[in-house]
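Undergrad: I'm passing along input.txt; it holds compact mmCIF, C-alpha atoms and all ligand atoms.
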```txt
# COMPACT_ATOMS: atom_id res chain seq x y z
CA MET A 1 40.18 -63.68 -40.69
CA ILE A 2 40.49 -61.01 -38.01
CA LEU A 3 39.65 -62.69 -34.73
CA GLU A 4 39.44 -59.40 -32.83
CA ASN A 5 36.19 -58.62 -34.56
CA LEU A 6 34.52 -61.64 -33.10
CA GLU A 7 32.35 -61.44 -30.07
CA LEU A 8 33.36 -63.10 -26.78
CA PHE A 9 30.90 -65.64 -25.39
CA GLU A 10 30.74 -67.38 -22.03
CA VAL A 11 29.88 -71.07 -22.07
CA PHE A 12 27.77 -72.97 -19.53
CA VAL A 13 27.34 -76.74 -19.51
CA ARG A 14 24.73 -78.87 -17.78
CA SER A 15 26.51 -82.15 -17.14
CA LYS A 16 23.40 -84.12 -16.22
CA ARG A 17 19.68 -83.51 -16.39
CA GLY A 18 18.52 -81.93 -13.16
CA LEU A 19 21.82 -80.21 -12.36
CA ASP A 20 22.59 -76.52 -12.80
CA HIS A 21 24.43 -75.20 -15.83
CA LYS A 22 28.03 -74.50 -14.80
CA HIS A 23 30.42 -72.01 -16.30
CA VAL A 24 33.21 -73.84 -18.12
CA GLY A 25 34.97 -71.12 -20.15
CA SER A 26 34.61 -68.79 -23.07
CA LEU A 27 35.24 -68.53 -26.81
CA HIS A 28 35.03 -66.24 -29.81
CA ALA A 29 32.20 -66.56 -32.30
CA GLU A 30 30.28 -64.51 -34.83
CA ASP A 31 26.87 -65.05 -33.31
CA HIS A 32 24.89 -67.21 -30.88
CA GLU A 33 24.35 -70.09 -33.29
CA GLN A 34 28.01 -70.36 -34.08
CA ALA A 35 28.96 -69.96 -30.44
CA LEU A 36 26.78 -72.96 -29.64
CA GLU A 37 28.48 -75.12 -32.26
CA TYR A 38 31.96 -74.01 -31.24
CA ALA A 39 31.10 -74.63 -27.59
CA ARG A 40 29.96 -78.13 -28.46
CA ASP A 41 33.23 -78.79 -30.28
CA VAL A 42 35.45 -77.21 -27.65
CA TYR A 43 33.81 -78.04 -24.34
CA THR A 44 31.80 -81.23 -24.84
CA ARG A 45 34.00 -83.52 -26.89
CA ARG A 46 33.78 -86.24 -24.24
CA SER A 47 30.09 -86.22 -23.36
CA GLU A 48 30.60 -83.57 -20.71
CA GLY A 49 27.10 -82.30 -21.09
CA VAL A 50 23.48 -82.69 -22.06
CA SER A 51 22.77 -79.00 -22.53
CA LEU A 52 24.75 -75.86 -23.40
CA TRP A 53 24.14 -72.17 -22.79
CA VAL A 54 26.12 -69.42 -24.47
CA VAL A 55 25.89 -65.82 -23.32
CA LYS A 56 27.62 -62.75 -24.73
CA SER A 57 30.29 -61.78 -22.20
CA ARG A 58 29.35 -58.13 -22.44
CA ASP A 59 25.80 -59.02 -21.39
CA ILE A 60 27.06 -60.30 -18.08
CA CYS A 61 26.97 -57.77 -15.29
CA ALA A 62 29.43 -58.83 -12.61
CA SER A 63 30.23 -57.58 -9.12
CA GLN A 64 33.73 -56.17 -8.69
CA GLU A 65 36.20 -58.49 -7.02
CA ASP A 66 38.05 -55.50 -5.49
CA ASP A 67 34.88 -54.20 -3.88
CA SER A 68 33.72 -57.56 -2.64
CA ASP A 69 34.55 -56.74 0.99
CA CYS A 70 32.05 -53.93 1.28
CA PHE A 71 29.69 -55.42 -1.29
CA PHE A 72 29.13 -58.59 0.72
CA ASP A 73 29.75 -57.03 4.11
CA PRO A 74 26.02 -56.73 5.07
CA SER A 75 25.85 -60.48 5.71
CA ASP A 76 29.19 -60.79 7.54
CA ASP A 77 27.88 -59.69 10.93
CA LYS A 78 24.79 -61.90 10.94
CA PRO A 79 25.90 -65.27 12.34
CA TYR A 80 22.29 -65.88 13.42
CA ARG A 81 21.39 -66.68 9.82
CA HIS A 82 23.22 -69.98 10.24
CA ALA A 83 21.64 -73.03 11.80
CA THR A 84 24.79 -73.75 13.82
CA TYR A 85 24.22 -70.52 15.77
CA TYR A 86 21.49 -72.38 17.69
CA PRO A 87 22.91 -75.25 19.77
CA LEU A 88 20.59 -78.24 19.69
CA PRO A 89 20.18 -80.65 22.63
CA LYS A 90 21.17 -84.12 21.45
CA GLU A 91 17.94 -85.63 22.81
CA VAL A 92 15.80 -84.06 20.10
CA GLY A 93 17.44 -85.43 16.97
CA ASN A 94 18.15 -83.45 13.83
CA MET A 95 16.68 -80.13 12.84
CA MET B 1 15.28 -87.87 -45.04
CA ALA B 2 11.60 -87.79 -44.33
CA GLU B 3 10.76 -85.97 -41.17
CA TYR B 4 8.96 -88.09 -38.65
CA LYS B 5 6.83 -86.39 -36.08
CA LEU B 6 6.02 -88.14 -32.83
CA THR B 7 2.36 -88.50 -32.00
CA GLU B 8 1.04 -87.13 -28.75
CA GLU B 9 0.94 -90.66 -27.27
CA GLU B 10 4.52 -91.35 -28.25
CA GLN B 11 5.63 -88.07 -26.72
CA GLU B 12 3.74 -88.86 -23.55
CA ALA B 13 5.29 -92.32 -23.37
CA ALA B 14 8.79 -90.87 -23.81
CA PHE B 15 8.01 -88.31 -21.14
CA GLN B 16 6.82 -90.94 -18.67
CA GLN B 17 9.85 -93.09 -19.46
CA ARG B 18 12.12 -90.18 -18.62
CA ILE B 19 10.37 -89.77 -15.29
CA ASP B 20 10.47 -93.49 -14.54
CA ASP B 21 14.23 -93.36 -15.22
CA GLU B 22 14.54 -90.69 -12.51
CA GLN B 23 15.51 -88.01 -15.03
CA LYS B 24 14.45 -84.43 -14.44
CA ILE B 25 12.12 -82.56 -16.78
CA GLU B 26 13.53 -79.19 -17.85
CA PRO B 27 11.58 -76.10 -19.03
CA LYS B 28 12.15 -76.60 -22.75
CA ASP B 29 11.23 -80.30 -22.76
CA TRP B 30 7.91 -81.48 -24.11
CA MET B 31 5.45 -82.15 -21.29
CA PRO B 32 1.75 -83.02 -21.08
CA GLU B 33 -0.47 -79.98 -20.56
CA ALA B 34 -1.86 -81.51 -17.37
CA TYR B 35 1.66 -81.91 -15.94
CA ARG B 36 2.39 -78.26 -16.66
CA LYS B 37 -0.91 -77.17 -15.10
CA ASN B 38 -0.48 -79.37 -12.06
CA LEU B 39 3.03 -77.97 -11.49
CA ILE B 40 1.93 -74.37 -11.93
CA ARG B 41 -0.81 -74.97 -9.36
CA GLN B 42 1.50 -76.60 -6.84
CA ILE B 43 4.53 -74.30 -7.25
CA SER B 44 2.52 -71.08 -7.25
CA GLN B 45 0.57 -72.28 -4.21
CA HIS B 46 3.89 -73.00 -2.55
CA ALA B 47 5.19 -69.52 -3.47
CA HIS B 48 2.04 -67.85 -2.13
CA SER B 49 2.49 -69.75 1.14
CA GLU B 50 6.02 -68.42 1.58
CA VAL B 51 4.83 -64.86 1.01
CA ILE B 52 1.60 -64.97 3.05
CA GLY B 53 3.58 -66.77 5.75
CA GLU B 54 5.51 -63.55 6.35
CA GLN B 55 2.40 -61.98 7.90
CA PRO B 56 1.90 -63.91 11.16
CA GLU B 57 5.60 -63.57 12.01
CA GLY B 58 5.93 -60.05 10.67
CA ASN B 59 3.26 -59.19 13.23
CA TRP B 60 5.88 -59.72 15.97
CA ILE B 61 8.94 -58.00 14.54
CA THR B 62 8.30 -54.69 16.27
CA ARG B 63 7.34 -56.45 19.50
CA SER B 64 10.23 -58.91 19.76
CA PRO B 65 11.43 -59.17 23.37
CA SER B 66 15.04 -58.20 22.55
CA LEU B 67 17.13 -56.64 19.82
CA ARG B 68 18.74 -60.02 19.14
CA ARG B 69 15.35 -61.69 18.75
CA LYS B 70 14.23 -58.91 16.47
CA ALA B 71 17.28 -59.35 14.22
CA VAL B 72 16.70 -63.11 14.08
CA LEU B 73 13.02 -62.75 13.23
CA LEU B 74 13.76 -60.15 10.56
CA ALA B 75 16.33 -62.47 9.00
CA LYS B 76 13.84 -65.33 8.96
CA VAL B 77 11.03 -63.30 7.41
CA GLN B 78 13.51 -61.98 4.86
CA ASP B 79 14.39 -65.58 3.97
CA GLU B 80 10.71 -66.40 3.41
CA ALA B 81 10.40 -63.52 0.95
CA GLY B 82 13.41 -64.99 -0.86
CA HIS B 83 11.76 -68.42 -0.92
CA GLY B 84 8.71 -66.86 -2.52
CA LEU B 85 10.96 -65.38 -5.19
CA TYR B 86 12.74 -68.69 -5.97
CA LEU B 87 9.38 -70.40 -6.34
CA TYR B 88 7.66 -67.72 -8.42
CA SER B 89 10.66 -67.88 -10.77
CA ALA B 90 10.41 -71.67 -11.01
CA ALA B 91 6.70 -71.35 -11.88
CA GLU B 92 7.49 -68.65 -14.45
CA SER B 93 9.70 -71.14 -16.29
CA LEU B 94 6.44 -72.99 -17.09
CA GLY B 95 4.99 -70.01 -18.97
CA ILE B 96 2.85 -68.21 -16.39
CA SER B 97 3.58 -64.61 -15.43
CA ARG B 98 4.13 -63.23 -11.94
CA ALA B 99 1.20 -60.84 -12.42
CA GLU B 100 -1.17 -63.71 -13.27
CA MET B 101 -0.13 -65.62 -10.16
CA ILE B 102 -0.55 -62.64 -7.87
CA GLU B 103 -3.93 -61.92 -9.39
CA ALA B 104 -4.98 -65.54 -8.75
CA LEU B 105 -3.89 -65.21 -5.12
CA GLN B 106 -5.67 -61.93 -4.56
CA THR B 107 -8.94 -63.07 -6.13
CA GLY B 108 -8.91 -66.33 -4.18
CA LYS B 109 -8.46 -68.56 -7.24
CA ALA B 110 -5.13 -69.80 -5.91
CA LYS B 111 -4.71 -71.22 -2.43
CA TYR B 112 -1.88 -71.08 0.08
CA ALA B 113 -1.09 -73.18 3.15
CA SER B 114 -4.06 -72.90 5.50
CA ILE B 115 -1.77 -72.71 8.54
CA PHE B 116 -1.15 -69.02 7.84
CA ASN B 117 -4.81 -68.25 8.47
CA TYR B 118 -4.23 -68.83 12.17
CA PRO B 119 -3.37 -65.73 14.20
CA SER B 120 -0.05 -65.30 16.02
CA GLN B 121 -1.25 -64.14 19.40
CA THR B 122 1.77 -64.44 21.68
CA TRP B 123 5.57 -64.51 21.52
CA GLY B 124 5.24 -68.23 22.18
CA ASP B 125 3.47 -68.52 18.84
CA VAL B 126 6.56 -67.19 17.09
CA GLY B 127 8.49 -70.05 18.70
CA ALA B 128 5.83 -72.62 17.82
CA ILE B 129 5.63 -71.40 14.22
CA GLY B 130 9.39 -71.73 13.65
CA TRP B 131 9.55 -75.09 15.36
CA LEU B 132 6.33 -76.75 14.11
CA VAL B 133 5.26 -74.89 10.98
CA ASP B 134 8.72 -74.59 9.46
CA GLY B 135 9.42 -78.09 10.81
CA ALA B 136 6.46 -79.53 8.91
CA ALA B 137 7.38 -77.49 5.83
CA ILE B 138 10.91 -78.95 5.96
CA VAL B 139 9.63 -82.55 6.01
CA ASN B 140 7.61 -81.78 2.90
CA GLN B 141 10.39 -79.82 1.19
CA VAL B 142 13.10 -82.40 1.83
CA SER B 143 10.89 -84.86 -0.02
CA LEU B 144 10.30 -82.37 -2.84
CA GLN B 145 14.03 -82.02 -3.48
CA ARG B 146 13.49 -85.17 -5.57
CA THR B 147 10.53 -83.79 -7.52
CA SER B 148 10.65 -84.47 -11.27
CA TYR B 149 10.67 -80.84 -12.46
CA GLY B 150 14.26 -79.54 -12.53
CA PRO B 151 13.72 -75.86 -11.57
CA TYR B 152 11.36 -76.84 -8.72
CA SER B 153 13.80 -79.43 -7.42
CA ARG B 154 16.72 -76.99 -7.48
CA ALA B 155 14.64 -74.32 -5.71
CA MET B 156 13.80 -76.90 -3.01
CA ILE B 157 17.46 -77.80 -2.50
CA LYS B 158 18.32 -74.16 -2.00
CA ILE B 159 15.37 -73.57 0.31
CA CYS B 160 16.10 -76.62 2.47
CA LYS B 161 19.61 -75.31 3.12
CA GLU B 162 18.09 -72.15 4.55
CA GLU B 163 15.22 -73.69 6.51
CA SER B 164 17.19 -75.39 9.24
CA PHE B 165 17.90 -72.06 10.95
CA HIS B 166 14.17 -71.28 10.89
CA GLN B 167 13.20 -74.36 12.83
CA ARG B 168 16.07 -74.10 15.28
CA GLN B 169 15.46 -70.47 16.21
CA GLY B 170 11.82 -71.36 16.89
CA TYR B 171 12.76 -74.34 19.02
CA GLN B 172 15.21 -72.20 20.96
CA ILE B 173 12.41 -69.77 21.81
CA MET B 174 10.39 -72.75 23.05
CA ILE B 175 13.30 -74.05 25.16
CA GLU B 176 13.72 -70.69 26.83
CA LEU B 177 10.01 -70.35 27.56
CA ALA B 178 9.64 -73.95 28.73
CA LYS B 179 12.58 -73.59 31.14
CA GLY B 180 11.36 -70.18 32.34
CA THR B 181 8.78 -69.04 34.89
CA PRO B 182 5.50 -70.96 35.25
CA ALA B 183 3.78 -68.24 33.22
CA GLN B 184 6.34 -68.59 30.42
CA LYS B 185 6.01 -72.35 30.46
CA GLN B 186 2.24 -71.96 30.25
CA MET B 187 2.68 -69.68 27.24
CA ALA B 188 4.81 -72.34 25.52
CA GLN B 189 2.22 -75.03 26.27
CA ASP B 190 -0.59 -72.85 24.95
CA SER B 191 1.25 -72.14 21.69
CA LEU B 192 2.06 -75.83 21.26
CA ASN B 193 -1.61 -76.73 21.83
CA ARG B 194 -2.84 -74.26 19.25
CA PHE B 195 -0.25 -74.90 16.52
CA TYR B 196 0.27 -78.67 16.77
CA TRP B 197 -2.91 -79.73 14.97
CA PRO B 198 -2.87 -77.09 12.24
CA ALA B 199 0.77 -78.07 11.60
CA LEU B 200 -0.34 -81.68 11.01
CA MET B 201 -2.97 -80.40 8.59
CA MET B 202 -0.23 -78.80 6.49
CA PHE B 203 0.36 -82.23 4.95
CA GLY B 204 -3.09 -82.10 3.40
CA PRO B 205 -6.01 -84.53 3.49
CA HIS B 206 -5.62 -88.30 3.86
CA ASP B 207 -4.26 -89.94 0.71
CA SER B 208 -7.67 -91.52 0.08
CA GLU B 209 -9.25 -88.02 0.02
CA SER B 210 -6.55 -86.17 -1.88
CA ALA B 211 -7.69 -84.97 -5.30
CA HIS B 212 -4.25 -84.53 -6.85
CA SER B 213 -2.27 -87.32 -5.23
CA ALA B 214 -2.35 -90.24 -7.69
CA LYS B 215 -1.34 -88.28 -10.79
CA SER B 216 1.25 -86.31 -8.83
CA MET B 217 2.86 -89.53 -7.63
CA LYS B 218 2.89 -91.07 -11.11
CA TRP B 219 4.56 -87.96 -12.50
CA LYS B 220 6.81 -87.79 -9.43
CA ILE B 221 5.82 -84.21 -8.75
CA LYS B 222 5.22 -85.53 -5.25
CA ARG B 223 7.54 -88.27 -3.99
CA GLU B 224 5.84 -89.32 -0.77
CA THR B 225 2.19 -89.37 0.19
CA ASN B 226 0.53 -86.90 2.57
CA ASP B 227 0.04 -89.56 5.23
CA ASP B 228 3.64 -90.84 5.08
CA LEU B 229 5.03 -87.32 5.41
CA ARG B 230 2.67 -86.53 8.27
CA GLN B 231 3.77 -89.71 10.08
CA LYS B 232 7.40 -88.65 9.74
CA PHE B 233 6.60 -85.31 11.34
CA ILE B 234 4.55 -86.88 14.15
CA ASP B 235 7.41 -89.28 14.95
CA GLN B 236 10.15 -86.67 15.01
CA THR B 237 8.13 -84.23 17.12
CA VAL B 238 7.49 -86.55 20.10
CA PRO B 239 11.03 -86.41 21.59
CA GLN B 240 11.13 -82.66 20.94
CA ILE B 241 7.99 -82.14 23.03
CA GLU B 242 9.39 -84.46 25.72
CA PHE B 243 12.62 -82.51 25.94
CA LEU B 244 10.66 -79.31 26.51
CA GLY B 245 8.83 -80.99 29.37
CA LEU B 246 5.50 -80.00 27.84
CA GLU B 247 2.36 -82.07 27.55
CA HIS B 248 1.66 -83.67 24.18
CA PRO B 249 -1.52 -82.14 22.70
CA ASP B 250 -2.52 -85.52 21.23
CA LYS B 251 -3.76 -87.70 24.08
CA ALA B 252 -3.88 -90.70 21.75
CA ILE B 253 -0.18 -90.56 20.91
CA LYS B 254 1.32 -93.99 21.55
CA TRP B 255 4.38 -95.87 20.29
CA ASN B 256 3.44 -98.80 18.09
CA GLU B 257 6.27 -101.34 18.23
CA GLU B 258 4.92 -103.35 15.34
CA ARG B 259 4.65 -100.42 12.92
CA GLY B 260 7.76 -98.72 14.23
CA HIS B 261 5.78 -95.48 14.37
CA TYR B 262 3.62 -93.51 16.76
CA ASP B 263 -0.12 -94.03 16.55
CA SER B 264 -2.02 -90.78 16.80
CA GLY B 265 -5.47 -89.26 17.11
CA GLU B 266 -7.65 -88.18 14.21
CA LEU B 267 -7.49 -84.59 12.99
CA ASN B 268 -10.45 -82.24 12.96
CA TRP B 269 -11.12 -82.33 9.22
CA ASP B 270 -14.16 -80.06 9.47
CA GLU B 271 -11.86 -77.34 10.69
CA PHE B 272 -9.39 -78.14 7.90
CA TYR B 273 -11.98 -77.71 5.15
CA LYS B 274 -13.47 -74.66 6.84
CA VAL B 275 -10.09 -72.89 6.81
CA ILE B 276 -9.22 -74.07 3.28
CA ASN B 277 -12.52 -72.73 2.02
CA GLY B 278 -11.85 -69.26 3.34
CA ASN B 279 -13.39 -69.28 6.79
CA GLY B 280 -10.41 -69.48 9.10
CA HIS B 281 -9.60 -66.77 11.62
CA CYS B 282 -7.49 -64.63 9.30
CA ASN B 283 -8.26 -65.56 5.66
CA ARG B 284 -9.78 -62.21 4.73
CA GLN B 285 -7.25 -60.21 6.68
CA ARG B 286 -4.30 -62.00 5.01
CA ILE B 287 -5.52 -61.30 1.49
CA GLN B 288 -6.58 -57.75 2.30
CA HIS B 289 -3.15 -57.06 3.72
CA HIS B 290 -1.49 -58.53 0.64
CA ILE B 291 -3.59 -56.32 -1.65
CA LYS B 292 -2.86 -53.25 0.47
CA ALA B 293 0.90 -53.89 0.43
CA HIS B 294 0.76 -54.55 -3.31
CA GLU B 295 -1.11 -51.31 -3.99
CA GLU B 296 1.09 -49.28 -1.70
CA GLY B 297 4.09 -50.60 -3.58
CA ALA B 298 2.73 -49.53 -6.97
CA TRP B 299 4.80 -46.33 -6.98
CA VAL B 300 7.99 -48.43 -6.76
CA ARG B 301 7.04 -50.40 -9.85
CA ASP B 302 5.99 -47.20 -11.62
CA ALA B 303 9.32 -45.59 -10.74
CA GLN B 304 11.19 -48.61 -12.15
CA LEU B 305 9.30 -48.33 -15.43
CA ALA B 306 9.85 -44.58 -15.62
CA TYR B 307 13.57 -45.06 -14.95
CA ASN B 308 13.76 -47.70 -17.67
CA ALA B 309 12.03 -45.46 -20.18
CA LYS B 310 14.37 -42.59 -19.33
CA GLN B 311 17.46 -44.76 -19.69
CA LYS B 312 16.25 -45.99 -23.05
CA ALA B 313 15.53 -42.48 -24.29
CA LYS B 314 18.97 -41.37 -23.10
CA LYS B 315 20.70 -44.24 -24.89
CA ALA B 316 18.78 -43.51 -28.08
CA ALA B 317 19.74 -39.82 -27.86
CA ASP B 318 23.41 -40.70 -27.26
CA ALA B 319 23.44 -43.04 -30.23
CA ALA B 320 21.89 -40.44 -32.53
FE FE C 401 10.34 -70.91 3.55
FE FE C 402 10.98 -71.13 6.73
```
The structure given in the file should be rewritten as structure tokens.
TA:
Amino acid sequence: MILENLELFEVFVRSKRGLDHKHVGSLHAEDHEQALEYARDVYTRRSEGVSLWVVKSRDICASQEDDSDCFFDPSDDKPYRHATYYPLPKEVGNM
Amino acid sequence: MAEYKLTEEEQEAAFQQRIDDEQKIEPKDWMPEAYRKNLIRQISQHAHSEVIGEQPEGNWITRSPSLRRKAVLLAKVQDEAGHGLYLYSAAESLGISRAEMIEALQTGKAKYASIFNYPSQTWGDVGAIGWLVDGAAIVNQVSLQRTSYGPYSRAMIKICKEESFHQRQGYQIMIELAKGTPAQKQMAQDSLNRFYWPALMMFGPHDSESAHSAKSMKWKIKRETNDDLRQKFIDQTVPQIEFLGLEHPDKAIKWNEERGHYDSGELNWDEFYKVINGNGHCNRQRIQHHIKAHEEGAWVRDAQLAYNAKQKAKKAADAA
């Protein structure tokens, strides 16, 4: 079997109902169905999850780590988006 | 092995059991049609409120008293647009399309929070809206973080993280006005007087009058009743008004030692139903403006489609 021909999939596990799916790793598989079964065998052998997502790695469009400075820069100079920017008198409780 | 199919009643019982066990319902789970409908109504209404709520504040962006205030207000309104997006997406996971929801809003089939049908007349109103309107929304949304539908609950958690800044920037405007000149203080008092009661109405009718309450509580779509949430807001707002040195708009407000809560005066429910039924100050204007913005944005959506078609044609040509 030539592994290089297999597609790379990213695996996401929901550990508990109500929580987000979290990325846990990747694997090779022929197709989605197989990727799901492999993911179950590889990533959830100890009841780590109640739901699995598999996504072809090449379908993921990611931002570039090297460019992250200028990519995320528009929010760096806006401290007023944070609640802590506005001091709150202690008399008025939480906000 | 013979396949055994659950009856509708068995499915419904399993569904209710899941809810009673404090488990979330996820998009691909079986759910009663009425639960789905009820959620679509509530979540889309919530989404519409976020989006229509941009209008009264957007009205003041170009007239903010300083560049800093303008940046803050822009950031807040931008957040509200984001909240609308989170909520529309959560509703879409139930099988309704964005276009259907927007159509329901524009034709008046779907409602939004009646508070946004009040005009924002002064800069003080921008302060009062952040402080009281977002404040009331937060009380409701904190409670909804525990709602039974997973995507709605997760959207609420994300939204609550962002809301705190909204309320605080509004309260800071109020502090500055209340500690300012007599005219500024009067402006703060006037905004408080006009927005306090409509903010209380945001929690909806009394529990005894609320059409959707009982089922929503059983299904844990709602976790606390309208009246309990309203009481929470009334209680937390008293010291905030005191700190500002303003007069409380409710002359009947009085601490009740026995209940451990403030007693308060009755709301003007005629006004509430009048506004809900389309006859508030700004109902028509809000929807007209939404339609206008939607139509003026049509070329953007057309351009996206044209770009998509071009890209597809290009890919097909490259592959050939
Ligand atoms: Fe919001
Ligand atoms: Fe807000």
Undergrad: Have a look at atom CA of Ser191 of chain B and atom CA of Met174 of chain B and let me know their distance in Å, one decimal.
TA: 9.3 Å
Undergrad: Contacts between chain B and chain A, please, where a residue of chain A counts if it comes within 12 Å (with all atoms listed in the file); show its shortest atom pair and distance in Å to one decimal, rows by chain and ascending number, as JSON lines.
TA:
```
{"residue": "A:Arg14", "atom": "CA", "partner": "B:Glu26", "partner_atom": "CA", "distance": 11.2}
{"residue": "A:Lys16", "atom": "CA", "partner": "B:Gln23", "partner_atom": "CA", "distance": 8.9}
{"residue": "A:Arg17", "atom": "CA", "partner": "B:Lys24", "partner_atom": "CA", "distance": 5.7}
{"residue": "A:Gly18", "atom": "CA", "partner": "B:Gly150", "partner_atom": "CA", "distance": 4.9}
{"residue": "A:Leu19", "atom": "CA", "partner": "B:Gly150", "partner_atom": "CA", "distance": 7.6}
{"residue": "A:Asp20", "atom": "CA", "partner": "B:Arg154", "partner_atom": "CA", "distance": 7.9}
{"residue": "A:His21", "atom": "CA", "partner": "B:Arg154", "partner_atom": "CA", "distance": 11.5}
{"residue": "A:Val50", "atom": "CA", "partner": "B:Glu26", "partner_atom": "CA", "distance": 11.4}
{"residue": "A:Ser51", "atom": "CA", "partner": "B:Glu26", "partner_atom": "CA", "distance": 10.4}
{"residue": "A:Pro74", "atom": "CA", "partner": "B:Ala75", "partner_atom": "CA", "distance": 11.9}
{"residue": "A:Ser75", "atom": "CA", "partner": "B:Ala75", "partner_atom": "CA", "distance": 10.3}
{"residue": "A:Asp77", "atom": "CA", "partner": "B:Ala71", "partner_atom": "CA", "distance": 11.1}
{"residue": "A:Lys78", "atom": "CA", "partner": "B:Ala71", "partner_atom": "CA", "distance": 8.6}
{"residue": "A:Pro79", "atom": "CA", "partner": "B:Val72", "partner_atom": "CA", "distance": 9.6}
{"residue": "A:Tyr80", "atom": "CA", "partner": "B:Val72", "partner_atom": "CA", "distance": 6.3}
{"residue": "A:Arg81", "atom": "CA", "partner": "B:Phe165", "partner_atom": "CA", "distance": 6.5}
{"residue": "A:His82", "atom": "CA", "partner": "B:Phe165", "partner_atom": "CA", "distance": 5.8}
{"residue": "A:Ala83", "atom": "CA", "partner": "B:Phe165", "partner_atom": "CA", "distance": 4.0}
{"residue": "A:Thr84", "atom": "CA", "partner": "B:Phe165", "partner_atom": "CA", "distance": 7.7}
{"residue": "A:Tyr85", "atom": "CA", "partner": "B:Phe165", "partner_atom": "CA", "distance": 8.1}
{"residue": "A:Tyr86", "atom": "CA", "partner": "B:Arg168", "partner_atom": "CA", "distance": 6.2}
{"residue": "A:Pro87", "atom": "CA", "partner": "B:Arg168", "partner_atom": "CA", "distance": 8.3}
{"residue": "A:Leu88", "atom": "CA", "partner": "B:Arg168", "partner_atom": "CA", "distance": 7.6}
{"residue": "A:Pro89", "atom": "CA", "partner": "B:Phe243", "partner_atom": "CA", "distance": 8.5}
{"residue": "A:Lys90", "atom": "CA", "partner": "B:Phe243", "partner_atom": "CA", "distance": 9.8}
{"residue": "A:Glu91", "atom": "CA", "partner": "B:Phe243", "partner_atom": "CA", "distance": 6.9}
{"residue": "A:Val92", "atom": "CA", "partner": "B:Gln240", "partner_atom": "CA", "distance": 4.9}
{"residue": "A:Gly93", "atom": "CA", "partner": "B:Gln236", "partner_atom": "CA", "distance": 7.7}
{"residue": "A:Asn94", "atom": "CA", "partner": "B:Gln236", "partner_atom": "CA", "distance": 8.7}
{"residue": "A:Met95", "atom": "CA", "partner": "B:Ser164", "partner_atom": "CA", "distance": 6.0}
```
Undergrad: Residues within 10 Å of ligand FE 401 (chain C) should be enumerated using all atoms listed in the file and returned as a list in words.
TA: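 If we count all atoms listed in the file, the neighbours of ligand FE 401 (chain C) turn out to be His46, Ala47, Ser49, Glu50, Val51, Gly53, Glu54, Lys76, Val77, Gln78, Asp79, Glu80, Ala81, Gly82, His83, Gly84, Leu87, Val133, Asp134, Ala137, Ile138, Gln141, Met156, Ile159, Cys160, Glu162, Glu163, Ser164 and His166 of chain B.
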Undergrad: Would you mind telling me which residue in B:Ser264, B:Gln184, B:Asn117, B:Gln145 lies nearest to Phe233 of chain B when using only C-alpha atoms?
TA: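 Going through B:Ser264, B:Gln184, B:Asn117, B:Gln145 one by one, the smallest distance to Phe233 of chain B is for B:Ser264.
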Undergrad: Between B:Val139, B:Val300, B:Leu67, B:Lys185, which residue has the minimum interatomic distance to ligand FE 402 (chain C), considering all atoms listed in the file?
TA: B:Val139
Undergrad: Figure out the distance between atom CA of Val24 of chain A and atom CA of Asp69 of chain A, please, to one decimal in Å.
TA: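 Atom-to-atom, atom CA of Asp69 of chain A and atom CA of Val24 of chain A are spaced 25.7 Å apart.
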Undergrad: What gap, in Å, lies between atom CA of Arg194 of chain B and atom CA of Gln285 of chain B?
TA: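 Atom-to-atom, atom CA of Arg194 of chain B and atom CA of Gln285 of chain B are spaced 19.4 Å apart.
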Undergrad: Residues near Val54 of chain A, anyone? I mean within 9 Å using only C-alpha atoms, not counting same-chain ones fewer than 6 positions away, as a PyMOL selection string.
TA: chain A and resi 9-13+26+32+35-36+39
Undergrad: Export C-alpha atoms of the chosen residues as a PDB file, in the coordinates of the input?
TA:
```pdb
ATOM      1  CA  PHE A   9      30.900 -65.640 -25.390  1.00  0.00           C
ATOM      2  CA  GLU A  10      30.740 -67.380 -22.030  1.00  0.00           C
ATOM      3  CA  VAL A  11      29.880 -71.070 -22.070  1.00  0.00           C
ATOM      4  CA  PHE A  12      27.770 -72.970 -19.530  1.00  0.00           C
ATOM      5  CA  VAL A  13      27.340 -76.740 -19.510  1.00  0.00           C
ATOM      6  CA  SER A  26      34.610 -68.790 -23.070  1.00  0.00           C
ATOM      7  CA  HIS A  32      24.890 -67.210 -30.880  1.00  0.00           C
ATOM      8  CA  ALA A  35      28.960 -69.960 -30.440  1.00  0.00           C
ATOM      9  CA  LEU A  36      26.780 -72.960 -29.640  1.00  0.00           C
ATOM     10  CA  ALA A  39      31.100 -74.630 -27.590  1.00  0.00           C
TER      11      ALA A  39
END
```
Undergrad: Could you give me, as number ranges by chain, the residues within 8 Å of Trp219 of chain B, counting only C-alpha atoms and dropping anything in the same chain fewer than 3 positions from it?
TA: B: 16, 19, 35, 148, 215-216, 222
